[in-house]
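Visitor: To be precise about what I am sending: the file is called upload.cif and holds mmCIF, C-alpha atoms.
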data_model
loop_
_atom_site.label_atom_id
_atom_site.label_comp_id
_atom_site.auth_asym_id
_atom_site.auth_seq_id
_atom_site.Cartn_x
_atom_site.Cartn_y
_atom_site.Cartn_z
CA MET F 4 -22.41 22.36 38.17
CA LEU F 5 -23.79 23.82 34.95
CA TYR F 6 -20.28 23.84 33.48
CA ARG F 7 -19.80 20.14 34.25
CA LEU F 8 -23.19 19.32 32.71
CA LEU F 9 -22.37 21.22 29.54
CA THR F 10 -18.95 19.54 29.32
CA PHE F 11 -20.59 16.12 29.70
CA LEU F 12 -23.13 16.86 27.00
CA VAL F 13 -20.47 18.13 24.60
CA ARG F 14 -18.29 15.05 25.16
CA ALA F 15 -21.28 12.75 24.85
CA GLY F 16 -22.27 14.48 21.62
CA LEU F 17 -18.78 14.10 20.20
CA ALA F 18 -18.67 10.44 21.18
CA PHE F 19 -22.04 9.87 19.53
CA ALA F 20 -20.84 11.62 16.38
CA VAL F 21 -17.70 9.46 16.27
CA LEU F 22 -19.75 6.28 16.75
CA ALA F 23 -22.21 7.37 14.04
CA ALA F 24 -19.36 8.13 11.65
CA CYS F 25 -17.80 4.73 12.32
CA ALA F 26 -21.14 3.03 11.74
CA GLU F 27 -21.43 4.77 8.37
CA GLU F 28 -17.91 3.77 7.24
CA LYS F 29 -17.93 1.10 4.57
CA PRO F 30 -15.70 -1.96 4.84
CA MET F 31 -12.57 -1.50 2.72
CA MET F 32 -10.76 -3.84 0.33
CA LYS F 33 -7.59 -3.95 -1.76
CA ALA F 34 -8.08 -3.34 -5.47
CA VAL F 35 -6.30 -2.34 -8.66
CA VAL F 36 -7.85 0.92 -9.85
CA ALA F 37 -7.50 3.24 -12.84
CA HIS F 38 -8.55 6.84 -12.17
CA GLU F 39 -7.73 7.80 -15.74
CA TYR F 40 -7.53 5.98 -19.07
CA GLY F 41 -4.14 5.17 -20.51
CA ALA F 42 -1.23 2.72 -20.46
CA PRO F 43 -0.81 0.03 -17.75
CA GLU F 44 1.10 2.55 -15.62
CA VAL F 45 -2.16 4.34 -14.74
CA LEU F 46 -3.16 1.38 -12.56
CA LYS F 47 -2.90 1.92 -8.80
CA PHE F 48 -2.95 -0.67 -6.01
CA GLU F 49 -5.03 0.90 -3.24
CA ASP F 50 -7.75 0.61 -0.61
CA VAL F 51 -11.31 1.24 -1.84
CA PRO F 52 -14.77 0.73 -0.30
CA ARG F 53 -16.07 -2.83 -0.59
CA PRO F 54 -19.16 -3.04 -2.84
CA GLU F 55 -22.53 -3.94 -1.35
CA PRO F 56 -24.74 -6.30 -3.39
CA LYS F 57 -28.10 -5.05 -4.66
CA GLU F 58 -31.24 -7.21 -4.50
CA ASP F 59 -30.32 -8.99 -7.74
CA GLU F 60 -26.60 -9.36 -7.01
CA ALA F 61 -24.23 -11.58 -5.08
CA LEU F 62 -21.02 -10.46 -3.38
CA VAL F 63 -18.11 -12.72 -4.31
CA HIS F 64 -14.83 -12.99 -2.40
CA VAL F 65 -12.41 -13.16 -5.32
CA ILE F 66 -9.65 -15.75 -5.06
CA ALA F 67 -8.20 -15.21 -8.55
CA SER F 68 -8.88 -13.14 -11.66
CA GLY F 69 -7.76 -13.66 -15.23
CA VAL F 70 -5.93 -11.25 -17.53
CA ASN F 71 -7.25 -10.90 -21.08
CA PRO F 72 -5.88 -9.54 -24.39
CA ALA F 73 -8.81 -7.08 -24.48
CA ASP F 74 -7.92 -5.59 -21.07
CA PRO F 75 -5.46 -2.99 -22.47
CA LEU F 76 -8.18 -1.78 -24.88
CA THR F 77 -10.58 -1.31 -21.98
CA LEU F 78 -7.91 0.47 -19.95
CA SER F 79 -7.06 2.77 -22.86
CA GLY F 80 -10.62 4.10 -22.90
CA LYS F 81 -10.81 3.58 -26.68
CA TYR F 82 -14.16 1.80 -26.42
CA ALA F 83 -15.39 3.34 -23.15
CA GLN F 84 -18.66 4.61 -24.61
CA GLU F 85 -19.35 1.46 -26.64
CA TRP F 86 -18.54 -0.92 -23.77
CA GLY F 87 -20.14 1.17 -21.03
CA THR F 88 -17.01 1.56 -18.91
CA HIS F 89 -16.47 4.53 -16.63
CA LEU F 90 -13.90 5.87 -14.19
CA PRO F 91 -12.68 4.97 -11.67
CA LEU F 92 -12.24 1.58 -13.30
CA ILE F 93 -11.37 -1.73 -11.63
CA PRO F 94 -10.41 -4.16 -14.43
CA GLY F 95 -10.95 -7.90 -14.23
CA TYR F 96 -13.44 -9.74 -16.45
CA ASP F 97 -12.60 -13.27 -15.29
CA ILE F 98 -13.20 -14.30 -11.69
CA ALA F 99 -13.16 -17.38 -9.52
CA GLY F 100 -14.16 -17.07 -5.89
CA VAL F 101 -16.61 -17.82 -3.11
CA VAL F 102 -20.04 -16.23 -2.64
CA LYS F 103 -19.97 -14.14 0.52
CA LYS F 104 -23.44 -12.61 0.54
CA ILE F 105 -26.56 -12.60 -1.66
CA GLY F 106 -29.31 -10.11 -2.43
CA ALA F 107 -32.96 -10.82 -1.69
CA LYS F 108 -33.82 -11.73 -5.31
CA ILE F 109 -30.98 -14.22 -5.82
CA THR F 110 -32.34 -17.77 -6.14
CA ASN F 111 -29.58 -19.97 -7.59
CA LEU F 112 -26.65 -18.93 -5.40
CA LYS F 113 -25.96 -19.08 -1.69
CA ALA F 114 -23.17 -17.98 0.63
CA GLY F 115 -20.27 -20.43 0.47
CA ASP F 116 -20.77 -21.44 -3.19
CA ALA F 117 -17.58 -21.70 -5.25
CA VAL F 118 -18.22 -19.89 -8.54
CA TYR F 119 -16.48 -18.67 -11.65
CA GLY F 120 -17.65 -16.22 -14.26
CA TYR F 121 -17.49 -13.00 -16.24
CA PRO F 122 -18.64 -9.77 -14.55
CA THR F 123 -19.90 -7.65 -17.45
CA PHE F 124 -18.33 -4.40 -16.28
CA GLY F 125 -15.22 -5.86 -14.66
CA GLY F 126 -14.24 -5.37 -11.04
CA GLY F 127 -12.43 -8.68 -10.67
CA TRP F 128 -9.03 -7.22 -9.78
CA ALA F 129 -10.17 -6.69 -6.22
CA GLU F 130 -10.82 -8.67 -3.07
CA PHE F 131 -14.59 -8.51 -3.63
CA VAL F 132 -16.88 -7.99 -6.60
CA THR F 133 -20.65 -7.95 -7.10
CA VAL F 134 -22.13 -10.12 -9.86
CA LYS F 135 -25.50 -10.84 -11.40
CA GLU F 136 -26.77 -14.40 -11.21
CA TRP F 137 -26.44 -14.91 -14.96
CA GLU F 138 -22.76 -13.87 -14.94
CA VAL F 139 -21.48 -16.83 -12.89
CA ALA F 140 -21.84 -20.60 -12.56
CA ALA F 141 -20.49 -23.30 -10.28
CA LYS F 142 -16.69 -23.47 -10.51
CA PRO F 143 -15.36 -26.60 -12.25
CA LYS F 144 -14.63 -29.03 -9.42
CA SER F 145 -11.47 -30.35 -11.06
CA LEU F 146 -9.77 -26.93 -11.20
CA THR F 147 -8.10 -24.75 -8.62
CA PHE F 148 -9.48 -21.23 -8.32
CA ALA F 149 -6.44 -19.88 -10.18
CA GLU F 150 -7.04 -22.31 -13.06
CA ALA F 151 -10.77 -21.55 -13.10
CA ALA F 152 -10.06 -17.82 -13.32
CA ALA F 153 -8.30 -18.45 -16.64
CA VAL F 154 -11.48 -19.78 -18.22
CA PRO F 155 -14.58 -17.53 -18.42
CA MET F 156 -14.13 -14.75 -20.99
CA CYS F 157 -11.91 -16.65 -23.42
CA ALA F 158 -13.85 -19.91 -23.20
CA LEU F 159 -17.16 -18.07 -23.58
CA THR F 160 -15.80 -16.25 -26.64
CA ALA F 161 -14.75 -19.53 -28.25
CA TRP F 162 -17.99 -21.27 -27.27
CA GLN F 163 -20.26 -18.53 -28.56
CA ALA F 164 -18.32 -18.34 -31.84
CA LEU F 165 -18.10 -22.07 -32.56
CA VAL F 166 -21.34 -23.33 -31.03
CA ASP F 167 -23.78 -20.42 -31.28
CA THR F 168 -22.56 -18.64 -34.44
CA ALA F 169 -20.87 -21.28 -36.60
CA GLN F 170 -22.92 -24.19 -35.22
CA LEU F 171 -19.86 -26.35 -35.78
CA GLN F 172 -20.73 -30.00 -36.34
CA ALA F 173 -18.88 -33.32 -36.21
CA GLY F 174 -17.00 -34.00 -39.42
CA GLN F 175 -16.57 -30.33 -40.32
CA THR F 176 -13.18 -28.60 -40.54
CA ILE F 177 -12.20 -25.35 -38.84
CA LEU F 178 -9.10 -23.18 -39.17
CA ILE F 179 -8.21 -21.48 -35.87
CA HIS F 180 -5.64 -18.71 -35.99
CA GLY F 181 -3.63 -18.08 -32.82
CA GLY F 182 -4.43 -21.54 -31.47
CA SER F 183 -2.05 -21.19 -28.51
CA GLY F 184 -3.61 -17.97 -27.20
CA GLY F 185 -6.37 -17.43 -24.66
CA VAL F 186 -9.35 -17.81 -27.02
CA GLY F 187 -7.57 -20.05 -29.51
CA SER F 188 -6.54 -22.67 -26.96
CA PHE F 189 -10.17 -23.08 -25.86
CA ALA F 190 -11.44 -22.99 -29.44
CA VAL F 191 -9.18 -25.89 -30.44
CA GLN F 192 -10.48 -28.00 -27.57
CA ILE F 193 -14.14 -27.08 -28.02
CA ALA F 194 -13.95 -27.87 -31.73
CA LYS F 195 -12.39 -31.26 -30.98
CA ALA F 196 -15.05 -31.96 -28.34
CA ARG F 197 -17.68 -31.37 -31.03
CA GLY F 198 -16.01 -33.85 -33.38
CA ALA F 199 -14.54 -31.35 -35.84
CA LYS F 200 -11.19 -31.51 -37.61
CA VAL F 201 -8.95 -28.70 -36.37
CA ILE F 202 -6.26 -26.86 -38.29
CA ALA F 203 -4.53 -24.35 -36.03
CA THR F 204 -1.76 -21.79 -36.41
CA ALA F 205 0.82 -20.65 -33.85
CA SER F 206 4.46 -19.60 -33.62
CA THR F 207 7.32 -22.07 -33.75
CA VAL F 208 7.66 -22.35 -29.96
CA ASN F 209 3.95 -23.17 -29.56
CA GLN F 210 3.68 -26.03 -32.05
CA ASP F 211 3.91 -28.57 -29.24
CA LEU F 212 1.05 -26.89 -27.39
CA LEU F 213 -1.22 -27.07 -30.43
CA LYS F 214 -0.68 -30.82 -30.58
CA GLN F 215 -1.26 -31.20 -26.84
CA LEU F 216 -4.55 -29.34 -27.21
CA GLY F 217 -5.63 -31.78 -29.91
CA ALA F 218 -5.10 -29.92 -33.19
CA ASP F 219 -5.13 -32.34 -36.12
CA VAL F 220 -2.89 -30.09 -38.19
CA ALA F 221 -0.49 -27.60 -36.58
CA ILE F 222 0.84 -24.79 -38.78
CA ASP F 223 3.90 -22.71 -37.91
CA TYR F 224 2.88 -19.35 -39.37
CA ALA F 225 6.52 -18.20 -39.39
CA LYS F 226 7.45 -20.97 -41.82
CA THR F 227 4.28 -21.93 -43.70
CA LYS F 228 1.45 -19.99 -45.31
CA PHE F 229 -1.76 -21.32 -43.84
CA GLU F 230 -3.54 -21.12 -47.21
CA ASP F 231 -1.08 -23.68 -48.58
CA VAL F 232 -2.41 -26.17 -46.02
CA ALA F 233 -5.99 -25.16 -45.18
CA LYS F 234 -8.38 -25.47 -48.12
CA ASP F 235 -12.19 -25.65 -48.32
CA VAL F 236 -12.71 -25.37 -44.58
CA ASP F 237 -16.16 -24.92 -43.06
CA ALA F 238 -15.15 -22.17 -40.65
CA VAL F 239 -12.33 -19.80 -39.73
CA LEU F 240 -11.84 -18.20 -36.31
CA ASP F 241 -9.61 -15.13 -36.50
CA PRO F 242 -8.33 -13.22 -33.43
CA VAL F 243 -5.63 -11.43 -35.45
CA GLY F 244 -7.30 -9.38 -38.20
CA LYS F 245 -5.60 -7.34 -40.94
CA GLU F 246 -3.61 -9.50 -43.41
CA THR F 247 -4.50 -12.74 -41.63
CA LEU F 248 -8.21 -12.01 -42.02
CA ALA F 249 -7.78 -10.85 -45.62
CA ARG F 250 -6.06 -14.10 -46.56
CA SER F 251 -8.63 -16.24 -44.77
CA TYR F 252 -11.60 -15.66 -47.10
CA GLY F 253 -10.04 -17.77 -49.83
CA VAL F 254 -9.75 -20.95 -47.75
CA VAL F 255 -13.45 -21.16 -46.86
CA LYS F 256 -15.83 -23.34 -48.86
CA LYS F 257 -19.13 -22.03 -50.22
CA ASP F 258 -21.64 -21.36 -47.39
CA GLY F 259 -18.82 -21.58 -44.84
CA ILE F 260 -18.14 -18.82 -42.32
CA VAL F 261 -15.33 -16.46 -41.36
CA MET F 262 -15.51 -15.18 -37.78
CA SER F 263 -13.29 -12.39 -36.50
CA LEU F 264 -12.78 -11.22 -32.93
CA VAL F 265 -11.12 -7.95 -33.93
CA ALA F 266 -12.77 -6.74 -37.14
CA ARG F 267 -15.91 -6.87 -39.25
CA PRO F 268 -15.42 -9.30 -42.15
CA ASP F 269 -15.32 -7.57 -45.53
CA PRO F 270 -18.87 -7.58 -47.02
CA GLU F 271 -17.52 -7.60 -50.58
CA GLU F 272 -15.35 -10.66 -49.96
CA ILE F 273 -18.25 -12.40 -48.25
CA LYS F 274 -20.63 -11.72 -51.13
CA LYS F 275 -18.10 -12.53 -53.86
CA ARG F 276 -17.23 -15.91 -52.36
CA CYS F 277 -20.78 -16.85 -51.25
CA ILE F 278 -19.68 -17.33 -47.66
CA ARG F 279 -20.84 -15.90 -44.34
CA GLY F 280 -19.06 -13.47 -42.07
CA ALA F 281 -19.48 -12.58 -38.41
CA ALA F 282 -17.84 -10.14 -36.02
CA ILE F 283 -17.72 -11.99 -32.71
CA SER F 284 -18.40 -10.34 -29.38
CA VAL F 285 -18.82 -12.10 -26.04
CA HIS F 286 -21.43 -11.86 -23.31
CA PRO F 287 -21.76 -13.50 -19.88
CA ASP F 288 -24.00 -16.57 -19.83
CA ALA F 289 -24.41 -18.88 -16.83
CA GLU F 290 -25.72 -21.75 -18.97
CA ASP F 291 -22.71 -21.58 -21.31
CA LEU F 292 -20.40 -21.46 -18.29
CA ALA F 293 -22.09 -24.57 -16.88
CA GLU F 294 -21.62 -26.41 -20.22
CA ILE F 295 -17.96 -25.41 -20.29
CA ALA F 296 -17.48 -26.52 -16.67
CA HIS F 297 -18.95 -29.93 -17.56
CA LEU F 298 -16.49 -30.34 -20.45
CA ILE F 299 -13.65 -29.37 -18.11
CA ASP F 300 -14.69 -31.82 -15.39
CA THR F 301 -15.04 -34.62 -17.94
CA GLY F 302 -11.50 -33.98 -19.19
CA LYS F 303 -12.36 -32.58 -22.62
CA ILE F 304 -11.14 -29.03 -21.97
CA LYS F 305 -8.33 -27.70 -19.81
CA PRO F 306 -7.13 -24.13 -19.33
CA VAL F 307 -3.55 -23.20 -20.17
CA VAL F 308 -2.14 -21.03 -17.37
CA THR F 309 1.25 -19.54 -18.18
CA GLN F 310 1.81 -17.49 -15.05
CA VAL F 311 0.14 -16.67 -11.73
CA LEU F 312 1.07 -13.26 -10.29
CA PRO F 313 0.04 -11.47 -7.10
CA LEU F 314 -2.54 -8.69 -7.46
CA ASN F 315 0.05 -5.96 -6.86
CA GLU F 316 1.82 -7.03 -10.07
CA ALA F 317 -1.18 -6.13 -12.23
CA ILE F 318 0.84 -3.62 -14.25
CA ALA F 319 3.27 -6.36 -15.36
CA ALA F 320 0.31 -8.62 -16.19
CA GLN F 321 -1.32 -5.88 -18.25
CA ARG F 322 1.89 -5.23 -20.17
CA GLN F 323 2.08 -8.93 -21.04
CA ALA F 324 -1.53 -8.92 -22.22
CA ALA F 325 -0.78 -5.95 -24.47
CA THR F 326 1.78 -8.01 -26.44
CA HIS F 327 -0.98 -10.36 -27.70
CA HIS F 328 1.59 -13.16 -27.62
CA THR F 329 0.70 -14.79 -24.32
CA ARG F 330 0.71 -18.57 -24.29
CA GLY F 331 -2.65 -19.40 -22.72
CA LYS F 332 -3.52 -17.06 -19.85
CA VAL F 333 -1.92 -15.00 -17.09
CA VAL F 334 -3.83 -15.02 -13.78
CA LEU F 335 -3.74 -12.68 -10.79
CA ARG F 336 -3.93 -14.36 -7.38
CA ILE F 337 -5.91 -12.22 -4.96
CA ALA F 338 -6.37 -14.57 -2.00
CA ASP F 339 -5.10 -17.97 -0.90
CA GLU F 340 -6.92 -21.03 -2.24
CA PRO F 341 -9.63 -22.04 0.27
CA LYS F 342 -8.85 -25.27 2.14
CA GLY F 343 -11.16 -28.23 1.91
#
Kindly transcribe the structure held in the file into structure tokens.

Guide:
Amino acid sequence: MLYRLLTFLVRAGLAFAVLAACAEEKPMMKAVVAHEYGAPEVLKFEDVPRPEPKEDEALVHVIASGVNPADPLTLSGKYAQEWGTHLPLIPGYDIAGVVKKIGAKITNLKAGDAVYGYPTFGGGWAEFVTVKEWEVAAKPKSLTFAEAAAVPMCALTAWQALVDTAQLQAGQTILIHGGSGGVGSFAVQIAKARGAKVIATASTVNQDLLKQLGADVAIDYAKTKFEDVAKDVDAVLDPVGKETLARSYGVVKKDGIVMSLVARPDPEEIKKRCIRGAAISVHPDAEDLAEIAHLIDTGKIKPVVTQVLPLNEAIAAQRQAATHHTRGKVVLRIADEPKG
């Protein structure tokens, strides 16, 4: 009798332990993860615990996530300390998805909301990601989730450069290098929406895209020196750096501005020519995202999506980003577009 009782208690204890362990297990999700810094090949497609939102966060079911030219730099670890990244790393700084759950202090979002945005520390290349309220805004109604995922980081970069830094006005002229790229394609359209004249550069095969985006003057940099065409402009946006940046100072009028995404403008050139210089960085901003969404839904801006790949092809997407010659944006599809 005592033996049976002891056996029962042992089995009951084991069952309770199993149930307790199961209760403590976190829900899992598919994600692209880097456990070390390096080339795209360090990325792994694996199961990881699903994040749980804090009081000031929302959990978003990611439908699609964009691929950016800066992603390989993040993955390399070159700016890990400066950008606050740490391992293991889930890339993905553009997202479009549906709010699944909200923390107690969230006031402007609710479960079921379709959103798009820029999670500061990434995490978008996964089935779920947590975001702060100021990192996302309502998804443009006129776009699919895949199209919306091509917008946030690049559009915010262009917006914050042209609107916040240059304060570009109607009637002014801007030279935009790399006008067919992720940032450049949005910059051309934002500048036109603000009533500016746009001179843009791109390769031979992308001249048609520059015109479709609304560039007033399209320059094929393989055939024409931009300084032979662009003279006395009010602003320059440079995502290239090096020789392109060095040659750009001379085309800016007095009190104009040179903005670079990849370098700090030369202080001596700035002083000598009586112009301004700015190194552009980007930050999440829900209000800016809302303004951009409005321009999209009113037909003044559209994203250029070159390719949509499944999440498990993230390595190929990252290799393409590393070339810095992507036409528009590459997007990773993580889930099917919601119906209705």

Visitor: Please, which residues in region 217-325 of chain F fall within 10 Å of region 63-72 of chain F when counting only C-alpha atoms, and what is the closest atom pair and distance in Å to one decimal for each, ordered by chain then residue number, as CSV?

Guide:
residue,atom,partner,partner_atom,distance
F:Val308,CA,F:Gly69,CA,9.5
F:Val311,CA,F:Ala67,CA,9.0
F:Leu312,CA,F:Ala67,CA,9.6
F:Pro313,CA,F:Ala67,CA,9.2
F:Leu314,CA,F:Ala67,CA,8.7
F:Ala317,CA,F:Val70,CA,8.8
F:Ala320,CA,F:Val70,CA,6.9
F:Gln321,CA,F:Val70,CA,7.1
F:Arg322,CA,F:Pro72,CA,9.8
F:Gln323,CA,F:Pro72,CA,8.7
F:Ala324,CA,F:Pro72,CA,4.9
F:Ala325,CA,F:Pro72,CA,6.2

Visitor: Determine the residue membership of the PyMOL selection byres ((chain F and resi 87-104) around 8) for the file above and supply it as a ChimeraX atom specification.

Guide: /F:34-39,56,61-71,74,77-78,80,83-86,105-106,112-129,142,148-149,151-156

Visitor: Using only C-alpha atoms, pick whichever of F:Lys47, F:Lys57, F:Lys144, F:Lys135 has the shortest atom-to-atom distance to His297 (chain F).

Guide: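 The shortest atom-to-atom distance to His297 (chain F) comes from F:Lys144.
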
Visitor: Any idea what the distance is between CA of Thr301 (chain F) and CA of Ala140 (chain F)?

Guide: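 According to the coordinates, CA of Thr301 (chain F) and CA of Ala140 (chain F) are separated by 16.5 Å.
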
Visitor: Taking the file above as input, evaluate the PyMOL selection byres ((chain F and resi 196) around 12) and report the hits as a VMD selection string.

Guide: chain F and resid 162 165 to 166 171 to 174 189 to 195 197 to 201 216 to 218 294 to 295 297 to 299 301 to 305

Visitor: For CA of Lys234 (chain F) and CA of Gly184 (chain F), determine how far apart the two atoms are, in Å to one decimal place.

Guide: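 Separation of CA of Lys234 (chain F) and CA of Gly184 (chain F): 22.7 Å.
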
Visitor: Point out the residue among F:Ala158, F:Ile260, F:Ile318, F:Ala289 with the least atom-to-atom distance to Leu46 (chain F), counting all atoms listed in the file.

Guide: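 Of F:Ala158, F:Ile260, F:Ile318, F:Ala289, the one nearest Leu46 (chain F), counting all atoms listed in the file, is F:Ile318.
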
Visitor: How many Å lie between CA of Ser284 (chain F) and CA of Pro143 (chain F), rounded to one decimal?

Guide: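 About the pair CA of Ser284 (chain F) and CA of Pro143 (chain F): they are 23.8 Å apart.
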
Visitor: At a cut-off of 6 Å, using all atoms listed in the file, what residues contact region 261-267 of chain F? Leave out same-chain residues fewer than 3 positions from it and give the result as a PyMOL selection string.

Guide: chain F and resi 238-242+244+280-283

Visitor: Out of F:Ser183, F:Thr247, F:Thr309, F:Asn111, which residue has the shortest atom-to-atom distance to Val334 (chain F) when counting all atoms listed in the file?

Guide: F:Thr309
